[in-house]
>>> print(open('structure-v4.cif').read())   # mmCIF, N, CA and C atoms
data_model
loop_
_atom_site.label_atom_id
_atom_site.label_comp_id
_atom_site.auth_asym_id
_atom_site.auth_seq_id
_atom_site.Cartn_x
_atom_site.Cartn_y
_atom_site.Cartn_z
N MET C 284 -13.65 -30.87 -28.20
CA MET C 284 -13.78 -29.53 -28.76
C MET C 284 -14.54 -28.61 -27.82
N LEU C 285 -15.54 -29.13 -27.14
CA LEU C 285 -16.30 -28.31 -26.20
C LEU C 285 -15.40 -27.76 -25.10
N CYS C 286 -14.47 -28.58 -24.60
CA CYS C 286 -13.59 -28.14 -23.52
C CYS C 286 -12.70 -26.99 -23.99
N SER C 287 -12.18 -27.05 -25.21
CA SER C 287 -11.35 -25.98 -25.76
C SER C 287 -12.14 -24.69 -25.89
N THR C 288 -13.39 -24.79 -26.30
CA THR C 288 -14.24 -23.62 -26.45
C THR C 288 -14.48 -22.97 -25.09
N LEU C 289 -14.77 -23.76 -24.07
CA LEU C 289 -14.98 -23.22 -22.74
C LEU C 289 -13.73 -22.54 -22.20
N ARG C 290 -12.59 -23.12 -22.46
CA ARG C 290 -11.35 -22.53 -21.98
C ARG C 290 -11.14 -21.15 -22.59
N LEU C 291 -11.46 -20.98 -23.86
CA LEU C 291 -11.31 -19.68 -24.51
C LEU C 291 -12.27 -18.65 -23.90
N VAL C 292 -13.50 -19.07 -23.61
CA VAL C 292 -14.46 -18.15 -23.00
C VAL C 292 -14.01 -17.78 -21.60
N TRP C 293 -13.51 -18.73 -20.84
CA TRP C 293 -13.11 -18.48 -19.46
C TRP C 293 -11.81 -17.69 -19.38
N ALA C 294 -11.02 -17.69 -20.47
CA ALA C 294 -9.72 -17.02 -20.44
C ALA C 294 -9.84 -15.51 -20.58
N LYS C 295 -11.03 -14.99 -20.86
CA LYS C 295 -11.19 -13.55 -21.06
C LYS C 295 -10.88 -12.80 -19.77
N ASP C 296 -10.03 -11.80 -19.88
CA ASP C 296 -9.65 -10.98 -18.72
C ASP C 296 -10.49 -9.72 -18.66
N THR C 297 -10.58 -9.17 -17.47
CA THR C 297 -11.24 -7.89 -17.25
C THR C 297 -10.16 -6.87 -16.90
N ASN C 298 -10.20 -5.73 -17.55
CA ASN C 298 -9.25 -4.65 -17.29
C ASN C 298 -9.99 -3.50 -16.63
N VAL C 299 -9.40 -2.96 -15.56
CA VAL C 299 -9.96 -1.81 -14.86
C VAL C 299 -8.91 -0.71 -14.87
N TYR C 300 -9.30 0.48 -15.31
CA TYR C 300 -8.41 1.63 -15.37
C TYR C 300 -8.97 2.74 -14.48
N ILE C 301 -8.12 3.29 -13.62
CA ILE C 301 -8.52 4.37 -12.73
C ILE C 301 -7.55 5.52 -12.96
N THR C 302 -8.08 6.70 -13.27
CA THR C 302 -7.25 7.88 -13.51
C THR C 302 -7.71 9.01 -12.59
N ASN C 303 -6.75 9.70 -11.99
CA ASN C 303 -7.08 10.84 -11.16
C ASN C 303 -7.14 12.09 -12.05
N ASP C 304 -8.36 12.53 -12.34
CA ASP C 304 -8.53 13.80 -13.06
C ASP C 304 -9.47 14.70 -12.27
N LEU C 305 -9.32 14.65 -10.93
CA LEU C 305 -10.15 15.47 -10.05
C LEU C 305 -9.90 16.96 -10.31
N GLU C 306 -10.95 17.72 -10.40
CA GLU C 306 -10.82 19.15 -10.70
C GLU C 306 -10.10 19.92 -9.60
N GLY C 307 -10.25 19.48 -8.36
CA GLY C 307 -9.58 20.17 -7.24
C GLY C 307 -8.12 19.82 -7.10
N ARG C 308 -7.60 18.99 -8.01
CA ARG C 308 -6.20 18.56 -8.02
C ARG C 308 -5.82 17.84 -6.72
N GLU C 309 -6.80 17.18 -6.10
CA GLU C 309 -6.54 16.42 -4.88
C GLU C 309 -5.95 15.06 -5.24
N ASP C 310 -5.27 14.46 -4.28
CA ASP C 310 -4.81 13.09 -4.46
C ASP C 310 -6.00 12.14 -4.37
N LEU C 311 -5.91 11.05 -5.10
CA LEU C 311 -6.93 10.00 -5.06
C LEU C 311 -6.30 8.79 -4.40
N ASN C 312 -6.83 8.38 -3.26
CA ASN C 312 -6.31 7.23 -2.52
C ASN C 312 -7.17 6.02 -2.85
N ILE C 313 -6.54 4.94 -3.29
CA ILE C 313 -7.29 3.74 -3.65
C ILE C 313 -6.67 2.51 -2.98
N HIS C 314 -7.51 1.53 -2.74
CA HIS C 314 -7.07 0.23 -2.21
C HIS C 314 -7.95 -0.82 -2.88
N CYS C 315 -7.33 -1.71 -3.65
CA CYS C 315 -8.05 -2.75 -4.37
C CYS C 315 -7.68 -4.11 -3.82
N LYS C 316 -8.70 -4.95 -3.59
CA LYS C 316 -8.42 -6.31 -3.14
C LYS C 316 -9.61 -7.22 -3.41
N SER C 317 -9.32 -8.50 -3.42
CA SER C 317 -10.36 -9.54 -3.55
C SER C 317 -10.18 -10.49 -2.38
N GLY C 318 -10.93 -11.57 -2.39
CA GLY C 318 -10.76 -12.58 -1.35
C GLY C 318 -9.42 -13.29 -1.45
N ASP C 319 -8.81 -13.27 -2.65
CA ASP C 319 -7.55 -13.97 -2.88
C ASP C 319 -6.35 -13.05 -3.00
N ASP C 320 -6.54 -11.84 -3.50
CA ASP C 320 -5.43 -10.94 -3.80
C ASP C 320 -5.65 -9.57 -3.18
N ASP C 321 -4.57 -9.00 -2.67
CA ASP C 321 -4.60 -7.63 -2.17
C ASP C 321 -3.60 -6.84 -3.01
N LEU C 322 -4.09 -5.92 -3.81
CA LEU C 322 -3.22 -5.14 -4.70
C LEU C 322 -2.62 -3.93 -4.01
N GLY C 323 -2.93 -3.74 -2.74
CA GLY C 323 -2.31 -2.70 -1.94
C GLY C 323 -2.96 -1.34 -2.07
N GLN C 324 -2.44 -0.42 -1.28
CA GLN C 324 -2.91 0.96 -1.30
C GLN C 324 -2.05 1.76 -2.26
N HIS C 325 -2.69 2.67 -2.98
CA HIS C 325 -1.98 3.51 -3.95
C HIS C 325 -2.49 4.94 -3.82
N VAL C 326 -1.58 5.88 -3.97
CA VAL C 326 -1.94 7.30 -4.00
C VAL C 326 -1.71 7.79 -5.42
N LEU C 327 -2.79 8.24 -6.06
CA LEU C 327 -2.68 8.76 -7.42
C LEU C 327 -2.71 10.28 -7.36
N HIS C 328 -1.63 10.88 -7.79
CA HIS C 328 -1.59 12.33 -7.90
C HIS C 328 -2.32 12.72 -9.19
N ILE C 329 -2.53 13.98 -9.43
CA ILE C 329 -3.27 14.43 -10.59
C ILE C 329 -2.67 13.84 -11.87
N ASN C 330 -3.54 13.32 -12.73
CA ASN C 330 -3.21 12.71 -14.03
C ASN C 330 -2.47 11.38 -13.94
N GLN C 331 -2.27 10.83 -12.76
CA GLN C 331 -1.69 9.50 -12.65
C GLN C 331 -2.80 8.47 -12.77
N ASP C 332 -2.41 7.25 -13.16
CA ASP C 332 -3.42 6.20 -13.30
C ASP C 332 -2.96 4.91 -12.66
N PHE C 333 -3.92 4.02 -12.49
CA PHE C 333 -3.69 2.68 -11.92
C PHE C 333 -4.46 1.71 -12.79
N LYS C 334 -3.82 0.61 -13.14
CA LYS C 334 -4.47 -0.40 -13.98
C LYS C 334 -4.42 -1.74 -13.26
N MET C 335 -5.52 -2.46 -13.34
CA MET C 335 -5.53 -3.81 -12.81
C MET C 335 -6.22 -4.71 -13.81
N ARG C 336 -5.79 -5.96 -13.84
CA ARG C 336 -6.32 -6.93 -14.78
C ARG C 336 -6.54 -8.23 -14.03
N PHE C 337 -7.68 -8.84 -14.25
CA PHE C 337 -7.94 -10.12 -13.60
C PHE C 337 -8.81 -10.98 -14.49
N GLY C 338 -8.66 -12.28 -14.31
CA GLY C 338 -9.47 -13.25 -15.04
C GLY C 338 -10.71 -13.59 -14.24
N ALA C 339 -11.80 -13.75 -14.94
CA ALA C 339 -13.06 -14.10 -14.27
C ALA C 339 -13.06 -15.56 -13.87
N ASN C 340 -13.61 -15.85 -12.71
CA ASN C 340 -13.80 -17.21 -12.23
C ASN C 340 -15.30 -17.49 -12.32
N TYR C 341 -15.71 -18.20 -13.37
CA TYR C 341 -17.13 -18.39 -13.62
C TYR C 341 -17.77 -19.42 -12.69
N LEU C 342 -16.98 -20.27 -12.06
CA LEU C 342 -17.56 -21.28 -11.17
C LEU C 342 -17.86 -20.69 -9.79
N TRP C 343 -16.93 -19.90 -9.25
CA TRP C 343 -17.09 -19.38 -7.89
C TRP C 343 -17.26 -17.86 -7.85
N GLY C 344 -17.18 -17.23 -9.00
CA GLY C 344 -17.35 -15.78 -9.05
C GLY C 344 -16.05 -15.03 -8.79
N THR C 345 -15.95 -13.86 -9.34
CA THR C 345 -14.80 -12.99 -9.14
C THR C 345 -15.31 -11.65 -8.65
N LEU C 346 -14.79 -11.19 -7.52
CA LEU C 346 -15.23 -9.93 -6.97
C LEU C 346 -14.04 -9.19 -6.38
N PHE C 347 -13.81 -7.98 -6.85
CA PHE C 347 -12.79 -7.11 -6.28
C PHE C 347 -13.49 -5.98 -5.54
N PHE C 348 -12.90 -5.56 -4.45
CA PHE C 348 -13.40 -4.44 -3.67
C PHE C 348 -12.47 -3.27 -3.92
N LEU C 349 -13.03 -2.12 -4.17
CA LEU C 349 -12.25 -0.91 -4.41
C LEU C 349 -12.66 0.13 -3.38
N PHE C 350 -11.70 0.55 -2.57
CA PHE C 350 -11.93 1.58 -1.57
C PHE C 350 -11.26 2.86 -2.07
N VAL C 351 -12.00 3.96 -2.10
CA VAL C 351 -11.51 5.21 -2.68
C VAL C 351 -11.78 6.37 -1.73
N SER C 352 -10.80 7.25 -1.59
CA SER C 352 -11.04 8.52 -0.90
C SER C 352 -10.32 9.61 -1.69
N MET C 353 -10.92 10.79 -1.69
CA MET C 353 -10.38 11.93 -2.42
C MET C 353 -9.89 12.96 -1.42
N GLY C 354 -8.60 13.22 -1.43
CA GLY C 354 -8.04 14.14 -0.45
C GLY C 354 -8.30 13.63 0.95
N ASN C 355 -8.92 14.44 1.78
CA ASN C 355 -9.28 14.05 3.14
C ASN C 355 -10.75 13.66 3.25
N GLY C 356 -11.38 13.38 2.11
CA GLY C 356 -12.82 13.05 2.10
C GLY C 356 -13.12 11.68 2.65
N PRO C 357 -14.40 11.32 2.70
CA PRO C 357 -14.82 10.04 3.26
C PRO C 357 -14.39 8.87 2.36
N LEU C 358 -14.29 7.71 2.96
CA LEU C 358 -13.93 6.49 2.25
C LEU C 358 -15.16 5.96 1.51
N LEU C 359 -15.04 5.75 0.20
CA LEU C 359 -16.11 5.20 -0.62
C LEU C 359 -15.77 3.76 -0.97
N HIS C 360 -16.78 2.94 -1.20
CA HIS C 360 -16.57 1.52 -1.46
C HIS C 360 -17.30 1.12 -2.74
N PHE C 361 -16.60 0.41 -3.63
CA PHE C 361 -17.19 -0.07 -4.88
C PHE C 361 -16.87 -1.55 -5.03
N ASP C 362 -17.81 -2.29 -5.57
CA ASP C 362 -17.59 -3.69 -5.95
C ASP C 362 -17.33 -3.73 -7.44
N VAL C 363 -16.23 -4.37 -7.83
CA VAL C 363 -15.86 -4.46 -9.25
C VAL C 363 -16.04 -5.91 -9.69
#
>>> encode(input="structure-v4.cif", output="structure tokens")
Amino acid sequence: MLCSTLRLVWAKDTNVYITNDLEGREDLNIHCKSGDDDLGQHVLHINQDFKMRFGANYLWGTLFFLFVSMGNGPLLHFDV
């Protein structure tokens, strides 16, 4: 029974939603990746969104890197 309980806890997914609602109506350039997966580069025009979903790895950790730039602005980096 303990193993079934752990599996349910570990099965929880994380959802990340990114929406371009920049006031200057600029494009939002994003690139999401982890050590295992590269979700590619995406250009979000005004009011477009991007969704990603991943399962947590509690033994070795789960970390996604999100690179963002707005229009021709500098590249920003976030750890998800």
>>> residues_around(input="structure-v4.cif", residues="Gly318 (chain C)", least_positions_apart="5", cutoff="7 Å", atoms="all atoms listed in the file", output="list of chain:residue names")
C:Leu346, C:Phe347, C:Phe348
>>> residues_near_point(input="structure-v4.cif", point="(-2.6, 15.3, -15.6)", cutoff="8 Å", atoms="only N, CA and C atoms", output="number ranges by chain")
C: 303-304, 328-331
>>> residues_near_point(input="structure-v4.cif", point="(-8.0, 12.2, -2.7)", cutoff="6.5 Å", atoms="only N, CA and C atoms", output="JSON, numbers by chain")
{"C": [309, 310, 311, 312, 352, 353, 354, 355, 356]}
>>> atom_distance(input="structure-v4.cif", atom1="atom N of Asp362 (chain C)", atom2="atom N of Glu306 (chain C)")
21.7 Å
>>> resolve_selection(input="structure-v4.cif", expression="the PyMOL selection byres (((chain C and resi 299 and name CA) around 8) and name CA)", output="NGL selection string")
:C and (297-298 or 300-301 or 334-336)
>>> closest_residue(input="structure-v4.cif", among="C:Asp319, C:Lys295, C:Ile313, C:Thr302", to="Asp332 (chain C)", atoms="all atoms listed in the file")
C:Thr302
